[in-house]
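Undergrad: Pasting in a structure now, in structure tokens, and then I'll have a few things to ask.
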Amino acid sequence: MTTRKPNDQVTGAASALSAYLLWGILPIYWKWLSGATPEEILAHRILWSFVFMMLLLLVTRSLTTLATDVRQLIATPRKALLIVGASVLITVNWYTFIWAVNHGHVIESSLGYYINPLVSVLLGVIFLKEKLSMWQIVSVLVAFLGVLLLTLHTGTFPWVSLVLAVSFGVYGLFKKTVHLGAMTGLAIETSIMTPVAVIFLACFYSAGGHALPLHEARLTWLLLVSGAVTAVPLLLFASGANRIPLSLVGFLQYIAPTIMLILGTFLYHEPFNQQDLVAFILIWVSLALFTVARTRPFAWMEHKLYRGLTLHH
């Protein structure tokens with residue numbers, strides 16, 4: 001048992017790292033699909049994600065587990081509503097990201113995934129009655145200052161970043177409440193939105209669009225594999241998160257937005273000036289504070305500070 005544990009953690013770390021690397025380079029894939037509209041890409045992503053997950057469940061002989069989870073959801077209307085809400089939220093998240101990448105907002109997307117952990121923390125405080133340490137409160141305030149600086153500098157509200165962060169944060173909150181497995185959860189979520197996607201593609205085709213652009217083989221294949229592109233990182237992440245400490249997951253999650261920031265700046269040449277750099281530095285400082293706030297030295301410092309203030313009064 002003990003001899004296998006290090007190997008298990010190595011496997012988990014490799015799986016989680018692979019997931020975040022894939023999420024980081026995902027903008028390249030959506031850029032390749034720029035010949036299709038964001039709505040068309042989204043519809044195909046939902047449809048083929050559902051097909052891929054059903055095939056995967058069939059191959060892994062997990063259809064019985066899926067049927068059991070569906071029956072439990074039907075028997076619990078509150079959980080059924082939460083999974084419908086999760087399905088809508090992940091659809092909003094996917095659409096926003098696809099739209100942002102194909103309209104030159106890769107850097108703004110990276111900001112959204114940088115601040116997502118902090119949004120998740122605030123949601124935990126509001127809805128799950130979780131408590132923040134002093135340093136975690138400071139980290140959230142510093143992040144807010146960074147977002148405020150971006151807003152004042154650009155003169156526009158960074159809605160792409162906040163829609164991505166909030167939609168994924170609330171999605172995670174709903175998923176945490178429902179407690180579904182990674183494979184069955186994604187299969188159920190995509191099954192809810194698949195009829196909408198099919199109806200959209202049918203209407204799109206009848207109106208003169210192309211449900212599958214067969215005259216462009218490259219684009220057709222890219223649309224067809226969008227399901228696998230969506231599901232594989234999620235499954236890798238689920239496999240990794242179950243094997244490694246939460247602290248390591250927290251560290252690895254910043255890899256994806258960092259890759260996106262590099263792609264947006266150096267590959268797609270999106271504007272990134274000194275004011276943007278200052279705002280991102282504030283975000284990075286807040287994330288560093290948030291990450292180390294749970295370590296023993298910071299907990300000890302906080303305890304000493306509170307004790308000093310108590311003795312002073």
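For the structure tokens, the naming scheme is as follows: chains receive sequential letters (A, B, ...) according to their order of presentation, residues are indexed from 1 within each chain, and ligands are indexed from 1 in presentation order.
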Restrict the calculation to only C-alpha atoms, then for each residue of region 39-99 of chain A with any atom at most 9 Å from an atom of region 157-180 of chain A give the closest atom pair and their distance in Å to one decimal, rows by chain and rising residue number, as a Markdown table.

TA:
```
| residue | atom | partner | partner_atom | distance |
| --- | --- | --- | --- | --- |
| A:Asp69 | CA | A:Leu180 | CA | 7.4 |
| A:Leu73 | CA | A:Val178 | CA | 8.7 |
| A:Lys79 | CA | A:Val178 | CA | 5.7 |
| A:Ala80 | CA | A:Val178 | CA | 8.4 |
| A:Leu82 | CA | A:Phe174 | CA | 5.8 |
| A:Ile83 | CA | A:Phe174 | CA | 7.0 |
| A:Gly85 | CA | A:Phe174 | CA | 7.6 |
| A:Ala86 | CA | A:Tyr171 | CA | 5.0 |
| A:Ser87 | CA | A:Tyr171 | CA | 8.0 |
| A:Val88 | CA | A:Tyr171 | CA | 8.8 |
| A:Leu89 | CA | A:Ser167 | CA | 5.5 |
| A:Ile90 | CA | A:Tyr171 | CA | 6.5 |
| A:Val92 | CA | A:Ser167 | CA | 7.0 |
| A:Asn93 | CA | A:Leu164 | CA | 5.5 |
| A:Trp94 | CA | A:Leu164 | CA | 8.4 |
| A:Thr96 | CA | A:Leu164 | CA | 6.8 |
| A:Phe97 | CA | A:Leu164 | CA | 7.1 |
```

Undergrad: Could you give me, as JSON, numbers by chain, the residues within 10 Å of Trp284 (chain A), counting only C-alpha atoms and dropping anything in the same chain fewer than 2 positions from it?

TA: {"A": [114, 115, 139, 142, 143, 146, 254, 278, 279, 280, 281, 282, 286, 287, 288, 289, 290]}

Undergrad: Between CA of Ile255 (chain A) and CA of Tyr20 (chain A), what distance in Å does the model show, to one decimal?

TA: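 Between CA of Ile255 (chain A) and CA of Tyr20 (chain A) the gap is 6.1 Å.
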
Undergrad: Can you tell me how far CA of Ile188 (chain A) sits from CA of Ser120 (chain A), in Å to one decimal?

TA: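 Separating CA of Ile188 (chain A) from CA of Ser120 (chain A) is a distance of 22.8 Å.
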
Undergrad: In Å, with one decimal, what is the gap from CA of Thr68 (chain A) to CA of Glu189 (chain A)?

TA: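 Going from CA of Thr68 (chain A) over to CA of Glu189 (chain A), I get 15.2 Å.
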